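> What follows is work.pdb; its format and atoms are PDB, C-alpha atoms and all ligand atoms.
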```pdb
ATOM      1  CA  MET A   1     173.592  27.902  10.135  1.00  0.00           C
ATOM      2  CA  THR A   2     174.161  26.901   6.561  1.00  0.00           C
ATOM      3  CA  ALA A   3     171.629  27.078   3.813  1.00  0.00           C
ATOM      4  CA  SER A   4     171.045  24.092   1.575  1.00  0.00           C
ATOM      5  CA  ARG A   5     171.281  26.445  -1.394  1.00  0.00           C
ATOM      6  CA  PRO A   6     174.703  27.530  -2.676  1.00  0.00           C
ATOM      7  CA  THR A   7     176.358  30.777  -1.597  1.00  0.00           C
ATOM      8  CA  LEU A   8     175.720  33.283  -4.376  1.00  0.00           C
ATOM      9  CA  ILE A   9     177.250  36.727  -4.938  1.00  0.00           C
ATOM     10  CA  ALA A  10     175.258  39.235  -6.972  1.00  0.00           C
ATOM     11  CA  PRO A  11     177.193  42.425  -7.773  1.00  0.00           C
ATOM     12  CA  SER A  12     174.846  45.425  -8.033  1.00  0.00           C
ATOM     13  CA  ILE A  13     175.450  47.418 -11.199  1.00  0.00           C
ATOM     14  CA  LEU A  14     174.328  50.553  -9.385  1.00  0.00           C
ATOM     15  CA  ALA A  15     177.957  50.837  -8.234  1.00  0.00           C
ATOM     16  CA  ALA A  16     179.418  50.131 -11.699  1.00  0.00           C
ATOM     17  CA  ASP A  17     180.742  52.743 -14.120  1.00  0.00           C
ATOM     18  CA  PHE A  18     177.628  53.462 -16.220  1.00  0.00           C
ATOM     19  CA  ALA A  19     179.752  54.793 -19.091  1.00  0.00           C
ATOM     20  CA  ARG A  20     181.487  51.406 -19.367  1.00  0.00           C
ATOM     21  CA  MET A  21     178.626  49.083 -18.421  1.00  0.00           C
ATOM     22  CA  GLY A  22     179.399  46.329 -20.948  1.00  0.00           C
ATOM     23  CA  GLU A  23     183.014  46.043 -19.794  1.00  0.00           C
ATOM     24  CA  GLU A  24     181.951  46.164 -16.144  1.00  0.00           C
ATOM     25  CA  ILE A  25     179.505  43.274 -16.600  1.00  0.00           C
ATOM     26  CA  ARG A  26     182.092  41.167 -18.421  1.00  0.00           C
ATOM     27  CA  ALA A  27     184.651  41.925 -15.719  1.00  0.00           C
ATOM     28  CA  VAL A  28     182.455  40.774 -12.820  1.00  0.00           C
ATOM     29  CA  GLU A  29     181.357  37.720 -14.782  1.00  0.00           C
ATOM     30  CA  GLU A  30     185.001  36.784 -15.285  1.00  0.00           C
ATOM     31  CA  ALA A  31     185.677  37.568 -11.622  1.00  0.00           C
ATOM     32  CA  GLY A  32     183.185  34.902 -10.498  1.00  0.00           C
ATOM     33  CA  ALA A  33     179.864  36.712 -10.026  1.00  0.00           C
ATOM     34  CA  ASP A  34     176.910  34.315  -9.798  1.00  0.00           C
ATOM     35  CA  TRP A  35     174.127  36.755 -10.674  1.00  0.00           C
ATOM     36  CA  ILE A  36     173.966  40.381 -11.849  1.00  0.00           C
ATOM     37  CA  HIS A  37     171.779  42.523  -9.560  1.00  0.00           C
ATOM     38  CA  VAL A  38     169.904  45.370 -11.253  1.00  0.00           C
ATOM     39  CA  ASP A  39     168.425  48.134  -9.082  1.00  0.00           C
ATOM     40  CA  VAL A  40     165.387  49.815 -10.612  1.00  0.00           C
ATOM     41  CA  MET A  41     164.198  52.973  -8.805  1.00  0.00           C
ATOM     42  CA  ASP A  42     161.364  55.290  -9.747  1.00  0.00           C
ATOM     43  CA  GLY A  43     161.787  58.392  -7.565  1.00  0.00           C
ATOM     44  CA  HIS A  44     158.470  57.585  -5.833  1.00  0.00           C
ATOM     45  CA  PHE A  45     158.833  54.355  -3.876  1.00  0.00           C
ATOM     46  CA  VAL A  46     162.424  55.388  -3.137  1.00  0.00           C
ATOM     47  CA  PRO A  47     164.058  58.827  -3.321  1.00  0.00           C
ATOM     48  CA  ASN A  48     166.271  58.057  -6.326  1.00  0.00           C
ATOM     49  CA  ILE A  49     165.850  57.342 -10.048  1.00  0.00           C
ATOM     50  CA  THR A  50     168.032  54.797 -11.811  1.00  0.00           C
ATOM     51  CA  ILE A  51     167.318  52.675 -14.851  1.00  0.00           C
ATOM     52  CA  GLY A  52     164.605  50.830 -16.755  1.00  0.00           C
ATOM     53  CA  PRO A  53     164.068  47.882 -19.106  1.00  0.00           C
ATOM     54  CA  GLY A  54     166.431  49.386 -21.712  1.00  0.00           C
ATOM     55  CA  MET A  55     169.414  48.852 -19.432  1.00  0.00           C
ATOM     56  CA  VAL A  56     168.281  45.313 -18.599  1.00  0.00           C
ATOM     57  CA  GLU A  57     168.181  44.561 -22.336  1.00  0.00           C
ATOM     58  CA  ALA A  58     171.675  46.005 -22.782  1.00  0.00           C
ATOM     59  CA  VAL A  59     173.037  43.984 -19.861  1.00  0.00           C
ATOM     60  CA  ARG A  60     171.319  40.853 -21.179  1.00  0.00           C
ATOM     61  CA  SER A  61     173.141  41.282 -24.492  1.00  0.00           C
ATOM     62  CA  VAL A  62     176.576  40.996 -22.876  1.00  0.00           C
ATOM     63  CA  THR A  63     176.141  38.173 -20.346  1.00  0.00           C
ATOM     64  CA  GLU A  64     174.568  34.766 -19.868  1.00  0.00           C
ATOM     65  CA  LEU A  65     174.450  35.218 -16.080  1.00  0.00           C
ATOM     66  CA  PRO A  66     171.046  35.312 -14.389  1.00  0.00           C
ATOM     67  CA  LEU A  67     169.747  38.886 -14.096  1.00  0.00           C
ATOM     68  CA  ASP A  68     168.321  39.575 -10.648  1.00  0.00           C
ATOM     69  CA  VAL A  69     166.069  42.602 -11.123  1.00  0.00           C
ATOM     70  CA  HIS A  70     165.095  44.455  -7.936  1.00  0.00           C
ATOM     71  CA  LEU A  71     162.103  46.726  -8.531  1.00  0.00           C
ATOM     72  CA  MET A  72     161.960  49.646  -6.092  1.00  0.00           C
ATOM     73  CA  ILE A  73     158.944  51.164  -7.792  1.00  0.00           C
ATOM     74  CA  GLU A  74     155.273  51.816  -7.122  1.00  0.00           C
ATOM     75  CA  THR A  75     152.671  49.528  -8.739  1.00  0.00           C
ATOM     76  CA  PRO A  76     155.350  47.113  -9.999  1.00  0.00           C
ATOM     77  CA  ASP A  77     152.798  44.785 -11.669  1.00  0.00           C
ATOM     78  CA  ARG A  78     152.553  47.271 -14.550  1.00  0.00           C
ATOM     79  CA  TYR A  79     156.202  46.776 -15.480  1.00  0.00           C
ATOM     80  CA  VAL A  80     156.879  43.101 -14.781  1.00  0.00           C
ATOM     81  CA  GLY A  81     156.260  42.083 -18.406  1.00  0.00           C
ATOM     82  CA  ASP A  82     158.618  44.762 -19.737  1.00  0.00           C
ATOM     83  CA  PHE A  83     161.468  43.647 -17.490  1.00  0.00           C
ATOM     84  CA  VAL A  84     160.977  39.965 -18.298  1.00  0.00           C
ATOM     85  CA  SER A  85     160.881  40.716 -22.039  1.00  0.00           C
ATOM     86  CA  ALA A  86     164.097  42.678 -21.578  1.00  0.00           C
ATOM     87  CA  GLY A  87     165.786  39.597 -20.108  1.00  0.00           C
ATOM     88  CA  ALA A  88     165.172  39.508 -16.350  1.00  0.00           C
ATOM     89  CA  THR A  89     165.662  36.050 -14.831  1.00  0.00           C
ATOM     90  CA  THR A  90     164.246  37.007 -11.434  1.00  0.00           C
ATOM     91  CA  VAL A  91     161.910  39.890 -10.657  1.00  0.00           C
ATOM     92  CA  GLY A  92     161.734  41.193  -7.087  1.00  0.00           C
ATOM     93  CA  VAL A  93     158.819  43.257  -5.800  1.00  0.00           C
ATOM     94  CA  HIS A  94     158.576  44.987  -2.440  1.00  0.00           C
ATOM     95  CA  ALA A  95     155.766  43.814  -0.163  1.00  0.00           C
ATOM     96  CA  GLU A  96     155.434  47.497   0.839  1.00  0.00           C
ATOM     97  CA  ALA A  97     154.680  48.465  -2.787  1.00  0.00           C
ATOM     98  CA  CYS A  98     152.078  45.762  -3.519  1.00  0.00           C
ATOM     99  CA  ALA A  99     148.482  46.233  -2.398  1.00  0.00           C
ATOM    100  CA  HIS A 100     147.786  42.680  -3.602  1.00  0.00           C
ATOM    101  CA  LEU A 101     151.025  40.852  -2.979  1.00  0.00           C
ATOM    102  CA  HIS A 102     149.776  37.395  -3.955  1.00  0.00           C
ATOM    103  CA  ARG A 103     148.607  38.774  -7.304  1.00  0.00           C
ATOM    104  CA  SER A 104     151.934  40.508  -7.924  1.00  0.00           C
ATOM    105  CA  ILE A 105     153.791  37.242  -7.338  1.00  0.00           C
ATOM    106  CA  GLN A 106     151.446  35.375  -9.685  1.00  0.00           C
ATOM    107  CA  THR A 107     151.984  38.104 -12.298  1.00  0.00           C
ATOM    108  CA  ILE A 108     155.724  37.403 -12.194  1.00  0.00           C
ATOM    109  CA  LYS A 109     155.307  33.630 -12.260  1.00  0.00           C
ATOM    110  CA  GLU A 110     152.947  33.744 -15.229  1.00  0.00           C
ATOM    111  CA  THR A 111     155.769  35.241 -17.290  1.00  0.00           C
ATOM    112  CA  GLY A 112     158.017  32.283 -16.465  1.00  0.00           C
ATOM    113  CA  ALA A 113     160.478  34.429 -14.482  1.00  0.00           C
ATOM    114  CA  ARG A 114     161.563  33.598 -10.931  1.00  0.00           C
ATOM    115  CA  ALA A 115     159.560  35.513  -8.329  1.00  0.00           C
ATOM    116  CA  CYS A 116     161.235  37.339  -5.450  1.00  0.00           C
ATOM    117  CA  VAL A 117     159.504  39.174  -2.606  1.00  0.00           C
ATOM    118  CA  VAL A 118     161.429  41.978  -0.901  1.00  0.00           C
ATOM    119  CA  LEU A 119     161.108  43.485   2.593  1.00  0.00           C
ATOM    120  CA  ASN A 120     162.472  46.761   3.921  1.00  0.00           C
ATOM    121  CA  PRO A 121     164.507  46.529   7.142  1.00  0.00           C
ATOM    122  CA  ALA A 122     161.628  47.686   9.369  1.00  0.00           C
ATOM    123  CA  THR A 123     158.900  45.487   7.849  1.00  0.00           C
ATOM    124  CA  PRO A 124     158.090  42.425   9.975  1.00  0.00           C
ATOM    125  CA  PRO A 125     158.588  38.988   8.409  1.00  0.00           C
ATOM    126  CA  THR A 126     154.914  38.160   8.932  1.00  0.00           C
ATOM    127  CA  ALA A 127     154.156  40.491   5.977  1.00  0.00           C
ATOM    128  CA  ILE A 128     155.226  37.641   3.673  1.00  0.00           C
ATOM    129  CA  GLU A 129     154.340  34.579   5.741  1.00  0.00           C
ATOM    130  CA  ALA A 130     151.292  33.825   3.583  1.00  0.00           C
ATOM    131  CA  VAL A 131     153.230  33.931   0.304  1.00  0.00           C
ATOM    132  CA  ILE A 132     156.543  32.348   1.200  1.00  0.00           C
ATOM    133  CA  ALA A 133     155.615  29.007  -0.360  1.00  0.00           C
ATOM    134  CA  ASP A 134     154.802  30.799  -3.652  1.00  0.00           C
ATOM    135  CA  VAL A 135     158.152  32.509  -4.264  1.00  0.00           C
ATOM    136  CA  ASP A 136     161.566  31.429  -5.533  1.00  0.00           C
ATOM    137  CA  GLN A 137     163.471  34.010  -3.542  1.00  0.00           C
ATOM    138  CA  VAL A 138     163.095  36.284  -0.514  1.00  0.00           C
ATOM    139  CA  LEU A 139     165.181  39.445  -0.241  1.00  0.00           C
ATOM    140  CA  ILE A 140     165.613  41.166   3.118  1.00  0.00           C
ATOM    141  CA  MET A 141     166.983  44.688   2.776  1.00  0.00           C
ATOM    142  CA  THR A 142     169.850  45.496   5.132  1.00  0.00           C
ATOM    143  CA  VAL A 143     169.702  49.203   4.220  1.00  0.00           C
ATOM    144  CA  ASN A 144     166.746  51.447   3.481  1.00  0.00           C
ATOM    145  CA  PRO A 145     166.510  51.139  -0.302  1.00  0.00           C
ATOM    146  CA  GLY A 146     167.429  54.058  -2.536  1.00  0.00           C
ATOM    147  CA  PHE A 147     171.198  54.321  -2.620  1.00  0.00           C
ATOM    148  CA  GLY A 148     174.374  52.281  -2.752  1.00  0.00           C
ATOM    149  CA  GLY A 149     177.158  52.647  -0.224  1.00  0.00           C
ATOM    150  CA  GLN A 150     175.009  52.857   2.905  1.00  0.00           C
ATOM    151  CA  LYS A 151     175.698  51.368   6.323  1.00  0.00           C
ATOM    152  CA  PHE A 152     174.497  47.830   7.079  1.00  0.00           C
ATOM    153  CA  ILE A 153     171.356  47.768   9.273  1.00  0.00           C
ATOM    154  CA  ARG A 154     171.980  44.909  11.692  1.00  0.00           C
ATOM    155  CA  SER A 155     168.463  45.015  13.173  1.00  0.00           C
ATOM    156  CA  ALA A 156     167.136  43.392   9.966  1.00  0.00           C
ATOM    157  CA  LEU A 157     168.941  40.138  10.776  1.00  0.00           C
ATOM    158  CA  PRO A 158     166.296  38.640  13.099  1.00  0.00           C
ATOM    159  CA  THR A 159     163.953  38.796  10.087  1.00  0.00           C
ATOM    160  CA  VAL A 160     166.492  36.822   8.034  1.00  0.00           C
ATOM    161  CA  SER A 161     166.657  34.175  10.791  1.00  0.00           C
ATOM    162  CA  ARG A 162     162.889  33.975  11.004  1.00  0.00           C
ATOM    163  CA  ILE A 163     162.499  33.492   7.250  1.00  0.00           C
ATOM    164  CA  ARG A 164     165.280  30.883   7.252  1.00  0.00           C
ATOM    165  CA  SER A 165     163.408  28.907   9.906  1.00  0.00           C
ATOM    166  CA  TRP A 166     160.214  28.960   7.809  1.00  0.00           C
ATOM    167  CA  ILE A 167     162.152  27.819   4.752  1.00  0.00           C
ATOM    168  CA  ARG A 168     163.643  24.966   6.753  1.00  0.00           C
ATOM    169  CA  GLU A 169     160.395  23.950   8.473  1.00  0.00           C
ATOM    170  CA  GLN A 170     158.479  23.905   5.200  1.00  0.00           C
ATOM    171  CA  ASP A 171     161.413  22.456   3.255  1.00  0.00           C
ATOM    172  CA  LEU A 172     161.108  25.169   0.590  1.00  0.00           C
ATOM    173  CA  ASP A 173     163.400  25.602  -2.404  1.00  0.00           C
ATOM    174  CA  VAL A 174     163.871  29.328  -1.844  1.00  0.00           C
ATOM    175  CA  ASP A 175     166.959  31.540  -2.030  1.00  0.00           C
ATOM    176  CA  LEU A 176     167.263  33.895   0.940  1.00  0.00           C
ATOM    177  CA  GLN A 177     169.060  37.065  -0.061  1.00  0.00           C
ATOM    178  CA  VAL A 178     170.299  40.200   1.704  1.00  0.00           C
ATOM    179  CA  ASP A 179     171.010  43.548   0.058  1.00  0.00           C
ATOM    180  CA  GLY A 180     172.719  46.668   1.358  1.00  0.00           C
ATOM    181  CA  GLY A 181     175.975  47.340   3.179  1.00  0.00           C
ATOM    182  CA  ILE A 182     177.275  43.818   2.492  1.00  0.00           C
ATOM    183  CA  THR A 183     181.063  43.787   2.779  1.00  0.00           C
ATOM    184  CA  LYS A 184     183.691  41.252   3.751  1.00  0.00           C
ATOM    185  CA  ASP A 185     183.162  42.464   7.324  1.00  0.00           C
ATOM    186  CA  THR A 186     179.340  42.159   7.462  1.00  0.00           C
ATOM    187  CA  ILE A 187     178.695  39.132   5.254  1.00  0.00           C
ATOM    188  CA  ALA A 188     179.393  36.553   7.976  1.00  0.00           C
ATOM    189  CA  GLU A 189     176.614  37.883  10.216  1.00  0.00           C
ATOM    190  CA  ALA A 190     174.125  37.798   7.362  1.00  0.00           C
ATOM    191  CA  ALA A 191     175.172  34.245   6.449  1.00  0.00           C
ATOM    192  CA  GLU A 192     174.964  33.193  10.083  1.00  0.00           C
ATOM    193  CA  ALA A 193     171.404  34.552  10.215  1.00  0.00           C
ATOM    194  CA  GLY A 194     170.581  32.276   7.275  1.00  0.00           C
ATOM    195  CA  ALA A 195     171.138  34.204   4.020  1.00  0.00           C
ATOM    196  CA  ASN A 196     172.679  32.306   1.086  1.00  0.00           C
ATOM    197  CA  ALA A 197     172.549  35.030  -1.605  1.00  0.00           C
ATOM    198  CA  PHE A 198     174.314  38.361  -1.183  1.00  0.00           C
ATOM    199  CA  VAL A 199     174.017  41.578  -3.167  1.00  0.00           C
ATOM    200  CA  ALA A 200     177.193  43.647  -3.098  1.00  0.00           C
ATOM    201  CA  GLY A 201     177.584  46.945  -4.947  1.00  0.00           C
ATOM    202  CA  THR A 202     180.369  49.009  -3.433  1.00  0.00           C
ATOM    203  CA  ALA A 203     182.205  45.955  -2.052  1.00  0.00           C
ATOM    204  CA  VAL A 204     182.699  44.627  -5.607  1.00  0.00           C
ATOM    205  CA  PHE A 205     182.678  47.570  -8.029  1.00  0.00           C
ATOM    206  CA  GLY A 206     184.520  49.791  -5.543  1.00  0.00           C
ATOM    207  CA  ALA A 207     187.372  47.287  -5.266  1.00  0.00           C
ATOM    208  CA  ASP A 208     190.554  47.406  -7.352  1.00  0.00           C
ATOM    209  CA  ASP A 209     190.361  43.689  -8.102  1.00  0.00           C
ATOM    210  CA  TYR A 210     186.841  42.310  -8.619  1.00  0.00           C
ATOM    211  CA  ALA A 211     187.919  38.656  -8.423  1.00  0.00           C
ATOM    212  CA  THR A 212     189.603  39.143  -5.040  1.00  0.00           C
ATOM    213  CA  ALA A 213     186.572  41.069  -3.789  1.00  0.00           C
ATOM    214  CA  ILE A 214     184.165  38.267  -4.780  1.00  0.00           C
ATOM    215  CA  GLN A 215     186.464  35.570  -3.369  1.00  0.00           C
ATOM    216  CA  ASP A 216     186.814  37.464  -0.073  1.00  0.00           C
ATOM    217  CA  LEU A 217     183.031  37.779   0.227  1.00  0.00           C
ATOM    218  CA  LYS A 218     182.533  34.051  -0.389  1.00  0.00           C
ATOM    219  CA  LYS A 219     185.359  33.095   1.961  1.00  0.00           C
ATOM    220  CA  ASN A 220     184.095  35.356   4.755  1.00  0.00           C
ATOM    221  CA  ALA A 221     180.459  34.207   4.382  1.00  0.00           C
ATOM    222  CA  HIS A 222     181.448  30.904   6.008  1.00  0.00           C
ATOM    223  CA  PRO A 223     184.696  31.522   7.883  1.00  0.00           C
TER     224      PRO A 223
HETATM  225  C1  LIG A 301     169.831  49.791  -2.425  1.00  0.00           C
HETATM  226  C2  LIG A 301     170.009  48.780  -3.532  1.00  0.00           C
HETATM  227  C3  LIG A 301     171.210  47.941  -3.339  1.00  0.00           C
HETATM  228  C4  LIG A 301     172.516  48.705  -3.454  1.00  0.00           C
HETATM  229  C5  LIG A 301     173.601  47.945  -2.737  1.00  0.00           C
HETATM  230  O1  LIG A 301     168.643  50.452  -2.607  1.00  0.00           O
HETATM  231  O2  LIG A 301     168.896  47.903  -3.563  1.00  0.00           O
HETATM  232  O3  LIG A 301     171.204  46.836  -4.243  1.00  0.00           O
HETATM  233  O4  LIG A 301     172.898  48.908  -4.777  1.00  0.00           O
HETATM  234  O5  LIG A 301     174.746  48.714  -2.676  1.00  0.00           O
HETATM  235  P1  LIG A 301     175.866  48.515  -1.555  1.00  0.00           P
HETATM  236  O6  LIG A 301     176.334  47.083  -1.655  1.00  0.00           O
HETATM  237  O7  LIG A 301     176.905  49.508  -1.922  1.00  0.00           O
HETATM  238  O8  LIG A 301     175.212  48.776  -0.215  1.00  0.00           O
HETATM  239 ZN    ZN A 302     169.069  46.020  -4.747  1.00  0.00          ZN
END
```
Kindly transcribe the structure held in the file into structure tokens.
Ligand code: DX5
Ligand code: ZN


Amino acid sequence: MTASRPTLIAPSILAADFARMGEEIRAVEEAGADWIHVDVMDGHFVPNITIGPGMVEAVRSVTELPLDVHLMIETPDRYVGDFVSAGATTVGVHAEACAHLHRSIQTIKETGARACVVLNPATPPTAIEAVIADVDQVLIMTVNPGFGGQKFIRSALPTVSRIRSWIREQDLDVDLQVDGGITKDTIAEAAEAGANAFVAGTAVFGADDYATAIQDLKKNAHP
């Protein structure tokens, strides 16, 4: 199965060297990254705390690449404006964190940013069926969110296939993304299920050569 959208690799800066963030961003940009993925965690929705709008602003100042901001926080509506002002291109909110998901998506769209809805591996795809025509991107987690370097959860792939079939049936212009445990060994399965955008933290920033790592991911997505 191939998506009509291009294959996109989004390195997650969670796996970058925080003390050298500017250099790290420039290095993955030069190595062929399509987007920069920014993982925002609040210690409530997920058991880890990472970064906020200040880091997004800093990253924005060193790259022209789209910034794909993944909010793993409670009541995300409160912070959407701050992240967009800081330079987010896309803002992703978890369906599990939004009591009024349609409103949260409208809140993102009103800012002019691209809207992404995110599902944890165990959440059924029907949780977003009613909003799929309203978003620019769907992200299916292939790990339980909170940390980089975890093992790929294969049982999330039927959800990817299901969403891909809705996108096709409704002829939607939506990127379908996966995040977590994506490596050159797992990316083909995720692409086969229908994903066209791939977050990769450890597989890129943990590699000696970022360009080779990104090329290998792209090559293996459609072997
Ligand atoms: C997990 C984050 C992911 C993570 C991916 O909560 O949303 O974006 O950084 O890291 P890897 O690719 O190492 O699994
Ligand atoms: Zn993420």

> Quick one: which chain A residues come within 7 Å of ligand ZN 302 (chain A), and what is the nearest atom pair for each with the distance in Å to one decimal, counting all atoms listed in the file, rows ordered by chain and ascending number, as a Markdown table?


```
| residue | atom | partner | partner_atom | distance |
| --- | --- | --- | --- | --- |
| A:Ser12 | CA | A:ZN302 | ZN | 6.7 |
| A:His37 | CA | A:ZN302 | ZN | 6.5 |
| A:Val38 | CA | A:ZN302 | ZN | 6.6 |
| A:Asp39 | CA | A:ZN302 | ZN | 4.9 |
| A:His70 | CA | A:ZN302 | ZN | 5.3 |
| A:Asp179 | CA | A:ZN302 | ZN | 5.7 |
| A:Val199 | CA | A:ZN302 | ZN | 6.8 |
```

> Nearest to Phe83 in chain A: which of A:Asp185, A:Asp208, A:Asp136, A:Glu57 is it, counting only C-alpha atoms?

A:Glu57

> May I have the residues within 10 Å of ligand LIG 301 (chain A), computed using all atoms listed in the file, as a count of residues only?

49

> Taking the file as I've supplied it (selection: the PyMOL selection byres (((chain A and resi 89) around 7) and not hetatm)), which residues are included? Please answer as a PyMOL selection string.

chain A and resi 66-68+87-88+90-91+113-114

> What is the distance, in Å and to one decimal place, between CA of Ala207 in chain A and CA of Ala27 in chain A?

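The value is 12.1 Å.
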